[in-house]
file my_file_17.tsv (TSV, C-alpha atoms and all ligand atoms)
chain	number	residue	atom	x	y	z
A	1	MET	CA	100.78	83.56	109.71
A	2	ASN	CA	104.15	84.90	110.69
A	3	GLU	CA	106.14	83.02	108.03
A	4	PHE	CA	106.78	83.99	104.45
A	5	GLY	CA	108.43	82.13	101.59
A	6	THR	CA	108.80	78.64	100.13
A	7	ARG	CA	112.49	77.80	99.65
A	8	TYR	CA	113.83	80.85	101.52
A	9	ARG	CA	111.55	81.32	104.50
A	10	ILE	CA	111.43	84.13	107.03
A	11	GLY	CA	109.47	83.73	110.26
A	12	ILE	CA	109.28	86.84	112.41
A	13	PHE	CA	108.82	86.86	116.18
A	14	GLY	CA	108.65	89.20	119.18
A	15	THR	CA	106.60	92.30	119.95
A	16	SER	CA	107.40	95.99	120.18
A	17	HIS	CA	107.71	96.15	123.99
A	18	GLY	CA	108.50	92.47	124.70
A	19	PRO	CA	112.10	91.30	125.25
A	20	CYS	CA	113.12	91.36	121.56
A	21	VAL	CA	112.12	91.22	117.90
A	22	GLY	CA	113.77	89.09	115.27
A	23	ALA	CA	113.57	86.43	112.59
A	24	LYS	CA	114.17	82.75	112.01
A	25	ILE	CA	115.37	82.14	108.47
A	26	GLU	CA	115.34	78.78	106.73
A	27	GLY	CA	116.73	77.87	103.33
A	28	CYS	CA	119.89	79.97	103.17
A	29	PRO	CA	122.25	77.79	101.10
A	30	ALA	CA	124.96	76.20	103.28
A	31	GLY	CA	128.36	77.80	102.78
A	32	SER	CA	126.95	81.20	101.71
A	33	ARG	CA	129.30	83.89	102.97
A	34	ILE	CA	127.23	86.12	105.29
A	35	SER	CA	128.67	89.17	107.02
A	36	GLU	CA	127.02	90.12	110.32
A	37	ALA	CA	128.42	93.64	109.86
A	38	LEU	CA	126.42	94.02	106.64
A	39	ILE	CA	123.23	92.86	108.40
A	40	GLN	CA	123.98	95.38	111.16
A	41	ALA	CA	124.46	98.13	108.56
A	42	GLU	CA	120.95	97.49	107.20
A	43	LEU	CA	119.49	97.47	110.73
A	44	ASP	CA	121.23	100.78	111.43
A	45	ARG	CA	119.51	102.34	108.43
A	46	ARG	CA	116.12	101.28	109.88
A	47	SER	CA	116.72	102.25	113.49
A	48	PRO	CA	115.13	105.37	114.97
A	49	GLY	CA	116.89	108.38	116.46
A	50	LYS	CA	117.29	110.59	113.38
A	51	GLY	CA	116.15	113.87	114.96
A	52	ALA	CA	112.81	115.48	114.21
A	53	ILE	CA	112.00	113.13	111.33
A	54	SER	CA	111.72	109.95	113.42
A	55	THR	CA	110.43	108.65	116.75
A	56	PRO	CA	112.41	109.75	119.84
A	57	ARG	CA	112.46	106.08	120.94
A	58	MET	CA	116.18	105.23	121.14
A	59	GLU	CA	116.89	101.65	120.12
A	60	ARG	CA	120.44	100.62	119.21
A	61	ASP	CA	119.21	97.50	117.44
A	62	LYS	CA	122.41	95.58	118.05
A	63	LEU	CA	122.20	92.32	116.10
A	64	GLU	CA	122.52	89.02	117.99
A	65	ILE	CA	122.89	85.90	115.87
A	66	ILE	CA	121.77	82.89	117.91
A	67	SER	CA	122.29	80.15	115.34
A	68	GLY	CA	122.87	79.31	111.70
A	69	LEU	CA	126.05	81.28	111.00
A	70	ARG	CA	129.53	80.00	111.78
A	71	LYS	CA	132.90	81.43	110.78
A	72	GLY	CA	131.11	83.91	108.50
A	73	LYS	CA	129.18	81.28	106.58
A	74	ALA	CA	125.65	79.84	106.63
A	75	THR	CA	125.63	76.39	108.20
A	76	GLY	CA	122.51	75.26	106.34
A	77	GLY	CA	120.50	75.15	109.58
A	78	PRO	CA	117.95	77.74	110.69
A	79	ILE	CA	119.45	81.20	111.16
A	80	VAL	CA	118.02	83.00	114.16
A	81	GLY	CA	118.79	86.71	114.58
A	82	LEU	CA	117.30	89.25	116.95
A	83	VAL	CA	117.58	92.72	118.46
A	84	ARG	CA	116.62	93.48	122.06
A	85	ASN	CA	113.97	96.06	122.97
A	86	VAL	CA	115.63	98.45	125.37
A	87	ASP	CA	113.87	101.82	125.34
A	88	THR	CA	110.26	100.82	126.05
A	89	ASP	CA	107.59	102.98	127.70
A	90	SER	CA	104.26	101.17	127.64
A	91	SER	CA	102.37	103.62	129.87
A	92	ALA	CA	100.29	105.15	127.06
A	93	TYR	CA	99.03	101.93	125.52
A	94	ASP	CA	96.51	100.41	128.00
A	95	ALA	CA	94.06	103.19	127.17
A	96	PHE	CA	93.95	102.14	123.49
A	97	LEU	CA	92.33	98.81	124.43
A	98	ARG	CA	89.19	100.78	125.35
A	99	VAL	CA	89.62	103.85	123.19
A	100	PRO	CA	91.28	102.70	119.95
A	101	ARG	CA	93.52	105.00	117.96
A	102	PRO	CA	91.97	105.94	114.61
A	103	GLY	CA	94.07	104.45	111.81
A	104	HIS	CA	96.01	101.95	113.95
A	105	ALA	CA	95.30	98.24	114.49
A	106	ASP	CA	93.99	98.67	118.09
A	107	TYR	CA	90.26	98.14	117.42
A	108	PRO	CA	90.30	95.04	115.13
A	109	ALA	CA	93.12	93.46	117.19
A	110	THR	CA	91.26	93.94	120.49
A	111	VAL	CA	88.11	92.39	119.02
A	112	LYS	CA	90.01	89.51	117.36
A	113	TYR	CA	92.15	88.55	120.36
A	114	GLY	CA	89.68	89.55	123.09
A	115	GLY	CA	92.26	91.94	124.56
A	116	HIS	CA	94.76	89.11	125.23
A	117	HIS	CA	97.26	90.31	122.64
A	118	ASP	CA	100.44	92.13	123.66
A	119	HIS	CA	99.21	95.62	122.81
A	120	ARG	CA	102.18	97.48	124.30
A	121	GLY	CA	103.76	99.77	121.72
A	122	GLY	CA	101.41	98.35	119.07
A	123	GLY	CA	102.70	94.83	119.89
A	124	GLN	CA	102.80	92.64	116.83
A	125	PHE	CA	101.39	95.44	114.69
A	126	SER	CA	104.28	97.77	115.41
A	127	GLY	CA	106.67	98.96	112.72
A	128	ARG	CA	109.34	97.51	115.01
A	129	MET	CA	108.47	94.03	113.69
A	130	THR	CA	110.17	95.05	110.46
A	131	ALA	CA	113.59	94.64	112.15
A	132	GLY	CA	113.09	90.88	111.61
A	133	LEU	CA	112.32	91.47	107.94
A	134	VAL	CA	115.50	93.50	107.61
A	135	ILE	CA	117.58	90.73	109.22
A	136	GLY	CA	116.11	88.06	106.90
A	137	GLY	CA	116.38	90.29	103.85
A	138	ALA	CA	119.92	91.49	104.57
A	139	ILE	CA	121.05	87.85	104.55
A	140	ALA	CA	119.21	87.17	101.27
A	141	ARG	CA	120.72	90.17	99.53
A	142	GLN	CA	124.24	88.98	100.34
A	143	VAL	CA	123.46	85.72	98.52
A	144	LEU	CA	121.92	87.68	95.63
A	145	GLU	CA	124.93	90.00	95.30
A	146	LYS	CA	127.08	86.94	94.51
A	147	LYS	CA	124.64	86.13	91.70
A	148	GLY	CA	124.95	89.66	90.29
A	149	VAL	CA	121.52	90.79	91.53
A	150	SER	CA	121.27	94.14	93.36
A	151	LEU	CA	118.41	96.10	94.86
A	152	LEU	CA	117.80	99.76	95.51
A	153	ALA	CA	114.88	101.37	97.29
A	154	GLN	CA	114.59	105.14	97.40
A	155	THR	CA	112.12	107.72	98.62
A	156	VAL	CA	110.50	109.43	95.64
A	157	GLN	CA	107.70	111.29	97.43
A	158	ILE	CA	106.98	112.63	100.91
A	159	GLY	CA	103.66	114.37	101.29
A	160	LYS	CA	103.46	116.83	98.39
A	161	VAL	CA	107.21	116.83	97.66
A	162	VAL	CA	108.00	114.64	94.63
A	163	LEU	CA	111.45	113.64	93.31
A	164	LYS	CA	111.46	114.82	89.70
A	165	LYS	CA	114.96	113.59	88.70
A	166	ASP	CA	115.78	110.04	87.68
A	167	VAL	CA	119.09	109.41	89.49
A	168	PRO	CA	120.95	106.51	87.79
A	169	PHE	CA	121.01	103.25	89.76
A	170	SER	CA	124.82	103.13	89.74
A	171	ILE	CA	125.19	106.30	91.82
A	172	ALA	CA	121.83	106.52	93.63
A	173	ASP	CA	122.66	103.93	96.31
A	174	LYS	CA	125.43	106.06	97.82
A	175	PHE	CA	123.22	109.18	98.02
A	176	VAL	CA	120.20	107.26	99.32
A	177	ARG	CA	122.24	105.75	102.16
A	178	ALA	CA	123.67	109.16	103.08
A	179	SER	CA	120.25	110.86	103.08
A	180	ALA	CA	118.18	111.07	106.28
A	181	VAL	CA	115.01	110.61	104.22
A	182	GLY	CA	116.41	108.04	101.75
A	183	CYS	CA	116.23	110.35	98.73
A	184	ALA	CA	119.00	110.38	96.12
A	185	ASP	CA	118.71	114.11	95.31
A	186	ARG	CA	120.01	116.46	97.99
A	187	ALA	CA	117.76	119.46	97.22
A	188	THR	CA	114.59	117.32	97.11
A	189	ALA	CA	115.68	115.56	100.32
A	190	GLU	CA	115.86	118.95	102.09
A	191	GLN	CA	112.31	119.78	100.97
A	192	MET	CA	111.16	116.35	102.15
A	193	LYS	CA	112.71	116.92	105.58
A	194	GLU	CA	110.90	120.26	105.80
A	195	GLU	CA	107.62	118.58	104.82
A	196	ILE	CA	108.01	116.09	107.69
A	197	ALA	CA	109.10	118.75	110.19
A	198	LYS	CA	106.13	120.95	109.24
A	199	ALA	CA	103.65	118.11	109.73
A	200	HIS	CA	105.30	117.27	113.06
A	201	GLU	CA	105.08	120.90	114.24
A	202	GLU	CA	101.41	120.86	113.38
A	203	ARG	CA	101.03	117.68	115.51
A	204	ASP	CA	100.28	115.77	112.32
A	205	SER	CA	101.99	113.25	110.00
A	206	VAL	CA	102.73	112.65	106.28
A	207	GLY	CA	102.95	109.64	103.97
A	208	GLY	CA	104.93	109.03	100.82
A	209	VAL	CA	106.15	106.73	98.09
A	210	ILE	CA	109.20	104.45	97.88
A	211	LYS	CA	110.45	103.17	94.54
A	212	CYS	CA	112.33	99.87	94.47
A	213	SER	CA	114.41	98.49	91.60
A	214	VAL	CA	115.97	95.05	91.23
A	215	ILE	CA	118.69	94.77	88.61
A	216	GLY	CA	120.70	91.87	87.24
A	217	LEU	CA	117.89	89.29	87.41
A	218	PRO	CA	118.21	86.58	84.78
A	219	VAL	CA	115.25	86.11	82.40
A	220	GLY	CA	112.58	83.68	83.63
A	221	VAL	CA	112.59	84.14	87.42
A	222	GLY	CA	109.04	83.73	88.81
A	223	GLU	CA	106.67	80.79	89.36
A	224	PRO	CA	103.26	81.49	87.83
A	225	PHE	CA	100.40	81.24	88.59
A	226	PHE	CA	100.43	82.26	92.27
A	227	GLY	CA	104.17	82.57	92.57
A	228	SER	CA	104.45	85.33	89.97
A	229	ILE	CA	106.98	88.02	90.87
A	230	GLU	CA	104.17	90.57	91.27
A	231	SER	CA	102.07	88.23	93.47
A	232	LEU	CA	104.86	87.51	95.92
A	233	LEU	CA	106.51	90.93	95.99
A	234	SER	CA	103.18	92.66	96.54
A	235	ALA	CA	102.23	90.17	99.28
A	236	MET	CA	105.50	90.98	101.03
A	237	MET	CA	105.10	94.73	100.52
A	238	PHE	CA	101.52	94.72	101.84
A	239	SER	CA	102.76	92.90	104.95
A	240	ILE	CA	104.84	95.97	105.85
A	241	PRO	CA	102.74	98.04	108.28
A	242	GLY	CA	101.43	101.26	106.80
A	243	VAL	CA	101.51	100.19	103.12
A	244	LYS	CA	98.39	101.14	101.16
A	245	GLY	CA	99.43	100.65	97.53
A	246	VAL	CA	101.88	98.74	95.33
A	247	GLU	CA	102.26	99.24	91.59
A	248	PHE	CA	104.63	97.69	89.06
A	249	GLY	CA	106.06	99.53	86.05
A	250	SER	CA	103.44	101.88	84.60
A	251	GLY	CA	101.06	100.79	87.39
A	252	PHE	CA	97.62	102.38	87.48
A	253	LYS	CA	98.67	104.76	84.66
A	254	CYS	CA	98.46	101.82	82.22
A	255	ALA	CA	94.66	102.05	82.35
A	256	SER	CA	94.71	105.30	80.36
A	257	MET	CA	97.36	104.22	77.83
A	258	ARG	CA	96.95	102.64	74.39
A	259	GLY	CA	98.61	99.28	73.66
A	260	SER	CA	100.83	100.96	71.08
A	261	ALA	CA	102.26	103.22	73.80
A	262	HIS	CA	102.30	100.67	76.59
A	263	ASN	CA	103.97	97.75	74.79
A	264	ASP	CA	107.70	97.71	75.47
A	265	GLN	CA	109.29	97.13	72.06
A	266	TYR	CA	112.18	94.70	71.83
A	267	ILE	CA	115.59	95.75	70.58
A	268	ILE	CA	119.06	94.21	70.62
A	269	ARG	CA	121.55	96.19	72.75
A	270	ASN	CA	125.12	94.96	73.22
A	271	GLY	CA	124.02	91.56	71.88
A	272	LYS	CA	121.20	91.25	74.45
A	273	THR	CA	117.43	91.24	73.91
A	274	VAL	CA	116.10	94.23	75.86
A	275	THR	CA	113.12	96.57	75.63
A	276	LYS	CA	113.16	100.26	74.68
A	277	THR	CA	110.81	101.21	77.50
A	278	ASN	CA	109.93	99.45	80.76
A	279	ASN	CA	106.20	99.88	81.28
A	280	ALA	CA	106.06	96.23	82.30
A	281	GLY	CA	108.34	96.95	85.26
A	282	GLY	CA	110.59	94.08	84.16
A	283	ILE	CA	107.85	91.45	84.53
A	284	LEU	CA	105.82	89.68	81.82
A	285	GLY	CA	103.57	86.72	82.64
A	286	GLY	CA	104.84	86.89	86.21
A	287	LEU	CA	108.41	86.19	84.97
A	288	SER	CA	111.41	88.50	84.89
A	289	ASN	CA	112.12	89.65	81.33
A	290	GLY	CA	115.69	90.83	81.91
A	291	MET	CA	114.81	94.50	82.40
A	292	PRO	CA	115.00	96.06	85.88
A	293	VAL	CA	112.10	94.95	88.07
A	294	GLU	CA	110.56	98.25	89.19
A	295	PHE	CA	107.77	98.86	91.66
A	296	ARG	CA	106.44	101.67	93.84
A	297	ILE	CA	104.99	101.40	97.32
A	298	ALA	CA	102.61	103.99	98.84
A	299	PHE	CA	102.75	104.52	102.61
A	300	LYS	CA	99.96	106.21	104.51
A	301	PRO	CA	100.63	109.08	106.90
A	302	THR	CA	101.46	107.69	110.38
A	303	SER	CA	98.20	107.14	112.20
A	304	SER	CA	99.42	108.04	115.72
A	305	ILE	CA	99.36	111.82	115.71
A	306	ALA	CA	99.50	114.23	118.64
A	307	ARG	CA	96.42	116.22	117.54
A	308	PRO	CA	93.21	115.50	119.42
A	309	GLN	CA	90.99	113.11	117.45
A	310	MET	CA	87.58	111.61	118.00
A	311	SER	CA	87.27	107.94	118.90
A	312	VAL	CA	84.88	105.88	121.04
A	313	ASP	CA	85.04	104.01	124.33
A	314	ILE	CA	84.22	100.52	123.06
A	315	VAL	CA	82.99	99.39	126.52
A	316	ASP	CA	80.74	102.37	127.32
A	317	ARG	CA	79.99	102.89	123.61
A	318	LYS	CA	80.38	106.66	124.01
A	319	PRO	CA	82.35	109.19	121.94
A	320	VAL	CA	85.71	110.18	123.44
A	321	GLU	CA	88.28	112.78	122.45
A	322	LEU	CA	91.66	111.08	122.25
A	323	GLU	CA	95.08	112.68	122.61
A	324	ILE	CA	97.87	110.23	121.79
A	325	LYS	CA	100.87	110.47	124.09
A	326	GLY	CA	103.35	107.69	123.02
A	327	ARG	CA	106.45	108.26	120.80
A	328	HIS	CA	105.89	108.05	117.06
A	329	ASP	CA	107.43	108.57	113.64
A	330	PRO	CA	105.95	111.68	112.02
A	331	CYS	CA	106.58	109.88	108.70
A	332	ILE	CA	107.11	106.14	108.24
A	333	VAL	CA	108.78	106.41	104.84
A	334	PRO	CA	112.46	107.19	105.67
A	335	ARG	CA	112.70	104.20	108.02
A	336	ALA	CA	110.79	101.97	105.61
A	337	VAL	CA	113.34	102.37	102.77
A	338	PRO	CA	115.69	99.60	104.05
A	339	VAL	CA	112.63	97.50	105.00
A	340	VAL	CA	111.35	97.57	101.40
A	341	GLU	CA	114.79	96.93	99.92
A	342	ASN	CA	115.73	94.02	102.18
A	343	SER	CA	112.32	92.32	102.31
A	344	ALA	CA	112.18	92.44	98.50
A	345	ALA	CA	115.58	90.69	98.45
A	346	ALA	CA	114.11	87.81	100.47
A	347	VAL	CA	111.30	87.35	97.92
A	348	ILE	CA	113.66	87.47	94.96
A	349	LEU	CA	116.05	84.93	96.52
A	350	ASP	CA	113.13	82.62	97.28
A	351	LEU	CA	112.02	82.76	93.63
A	352	MET	CA	115.56	82.26	92.36
A	353	LEU	CA	115.94	79.18	94.56
A	354	GLN	CA	112.57	77.86	93.39
A	355	GLY	CA	113.55	78.31	89.75
A	356	GLY	CA	117.01	76.75	90.13
A	357	PHE	CA	118.79	80.09	89.56
A	358	ALA	CA	120.51	80.05	92.96
A	401	LIG	C1	109.34	101.41	110.05
A	401	LIG	C2	107.91	101.68	110.49
A	401	LIG	C3	107.68	102.54	111.56
A	401	LIG	C4	106.38	102.83	111.97
A	401	LIG	N1	106.21	103.69	113.01
A	401	LIG	C5	104.94	103.99	113.41
A	401	LIG	C6	104.72	104.90	114.49
A	401	LIG	O1	105.66	105.45	115.08
A	401	LIG	N2	103.43	105.15	114.86
A	401	LIG	C7	102.35	104.59	114.23
A	401	LIG	O2	101.22	104.86	114.57
A	401	LIG	N3	102.54	103.74	113.20
A	401	LIG	C8	103.79	103.41	112.78
A	401	LIG	N4	103.96	102.53	111.75
A	401	LIG	C9	102.78	101.98	111.05
A	401	LIG	C10	101.90	101.08	111.90
A	401	LIG	O3	102.64	100.00	112.39
A	401	LIG	C11	100.68	100.63	111.08
A	401	LIG	O4	100.04	101.72	110.52
A	401	LIG	C12	99.68	99.88	111.95
A	401	LIG	O5	100.21	98.63	112.35
A	401	LIG	C13	98.37	99.56	111.21
A	401	LIG	O6	98.61	98.78	110.09
A	401	LIG	P1	98.23	99.27	108.62
A	401	LIG	O7	98.59	100.72	108.53
A	401	LIG	O8	99.06	98.42	107.69
A	401	LIG	O9	96.76	99.05	108.46
A	401	LIG	C14	105.26	102.21	111.31
A	401	LIG	C15	105.51	101.34	110.24
A	401	LIG	C16	106.81	101.08	109.81
A	401	LIG	C17	107.04	100.16	108.65
call {"tool": "encode", "arguments": {"input": "my_file_17.tsv", "output": "structure tokens"}}
result
Amino acid sequence: MNEFGTRYRIGIFGTSHGPCVGAKIEGCPAGSRISEALIQAELDRRSPGKGAISTPRMERDKLEIISGLRKGKATGGPIVGLVRNVDTDSSAYDAFLRVPRPGHADYPATVKYGGHHDHRGGGQFSGRMTAGLVIGGAIARQVLEKKGVSLLAQTVQIGKVVLKKDVPFSIADKFVRASAVGCADRATAEQMKEEIAKAHEERDSVGGVIKCSVIGLPVGVGEPFFGSIESLLSAMMFSIPGVKGVEFGSGFKCASMRGSAHNDQYIIRNGKTVTKTNNAGGILGGLSNGMPVEFRIAFKPTSSIARPQMSVDIVDRKPVELEIKGRHDPCIVPRAVPVVENSAAAVILDLMLQGGFA
């Protein structure tokens, strides 16, 4: 199942240490103005090489569009975009077929595919696969922008460091893009960097939380039952490697609230029906209600850590101490910010096309 979507469909292909990774996109309306430079800008945000906070693997991730765009516009045919894998070192990975890394996909994948899968660099389970999601999403968001819909993902927690300020949407984007960790507040971003560097020094890793907001959605986007905004956005978010939790609006906190506190009361503001609060996260009955769609995604700490860990040799069935050599992100979160933002755009465009809004 490497395809996602109904009217706007993204199929991802490639593996981490194969020739390339990329996406085939179907359903982009013909004539949509699509800038390759803007796709490249999103890929650049995702690419590694940001000092101590990301993997030392150096990939330029230069976009190649094979089909579907001509003279800056979508042709209506499938769009195929890819980036080549250049800086690959697969030497560490054979060992994981016998001695799986705790927390990574090695063990279930080896059992499922009988060891025939391309395991190099994590293969199909690598975070590198998300380059295809970024390509597909960066195209979708350009179509959405024309419809007045914008998205912003930002890092709100790394390890124990939590962003306490609510930076307004209108200015946050600029700061998030300029920040190495994707956080809109400079002082908090510094603490987050230190948190990652400290974990790295201790041959360990940290997780975190990304918040994503979608603004400008018309009322009524979403296709209940199974095409509710929550169903499809969470399915997309849980497809991103390393994601362990997704919550909308008040999320799990709603369980301890009373209805009187949780209900978002309606008011008229500037002639529009809006709500005073947004515990619903902009979604009621699976449909957008005109308020910002807001959700939070929890990422686990990167599983590949340099510290010795216990595993087993699955052939000899004996315990083995494992020291992981490959190159890894000490924290997934900073590089996942554009992945969340762009992949969410693909889901929203799909639902807008399904509902006749685009
Ligand atoms: C952008 C990105 C980069 C990642 N980098 C790494 C990495 O360097 N090392 C690692 O072990 N996992 C990394 N991951 C996470 C693994 O791919 C993921 O944990 C693994 O496939 C198992 O899947 P699961 O955590 O969803 O169960 C990354 C994920 C993303 C989204």
call {"tool": "residues_near_ligand", "arguments": {"input": "my_file_17.tsv", "ligand": "ligand LIG 401 (chain A)", "cutoff": "7 Å", "atoms": "all atoms listed in the file", "output": "NGL selection string"}}
result
:A and (46 or 55 or 103-105 or 122 or 125-128 or 130 or 240-243 or 300 or 302-304 or 327-330 or 332 or 335-336)
call {"tool": "closest_residue", "arguments": {"input": "my_file_17.tsv", "among": "A:Lys62, A:Arg317, A:Lys174, A:Lys160", "to": "Ile196 in chain A", "atoms": "all atoms listed in the file"}}
result
A:Lys160
call {"tool": "closest_residue", "arguments": {"input": "my_file_17.tsv", "among": "A:Val161, A:Ala178, A:Val86, A:Ala189", "to": "His17 in chain A", "atoms": "all atoms listed in the file"}}
result
A:Val86
call {"tool": "residues_around", "arguments": {"input": "my_file_17.tsv", "residues": "Thr15 in chain A", "least_positions_apart": "2", "cutoff": "12 Å", "atoms": "only C-alpha atoms", "output": "PyMOL selection string"}}
result
chain A and resi 12-13+17-23+82-85+88+90+117-132
call {"tool": "residues_around", "arguments": {"input": "my_file_17.tsv", "residues": "Ser67 in chain A", "least_positions_apart": "3", "cutoff": "12 Å", "atoms": "all atoms listed in the file", "output": "PyMOL selection string"}}
result
chain A and resi 23-26+64+70-82
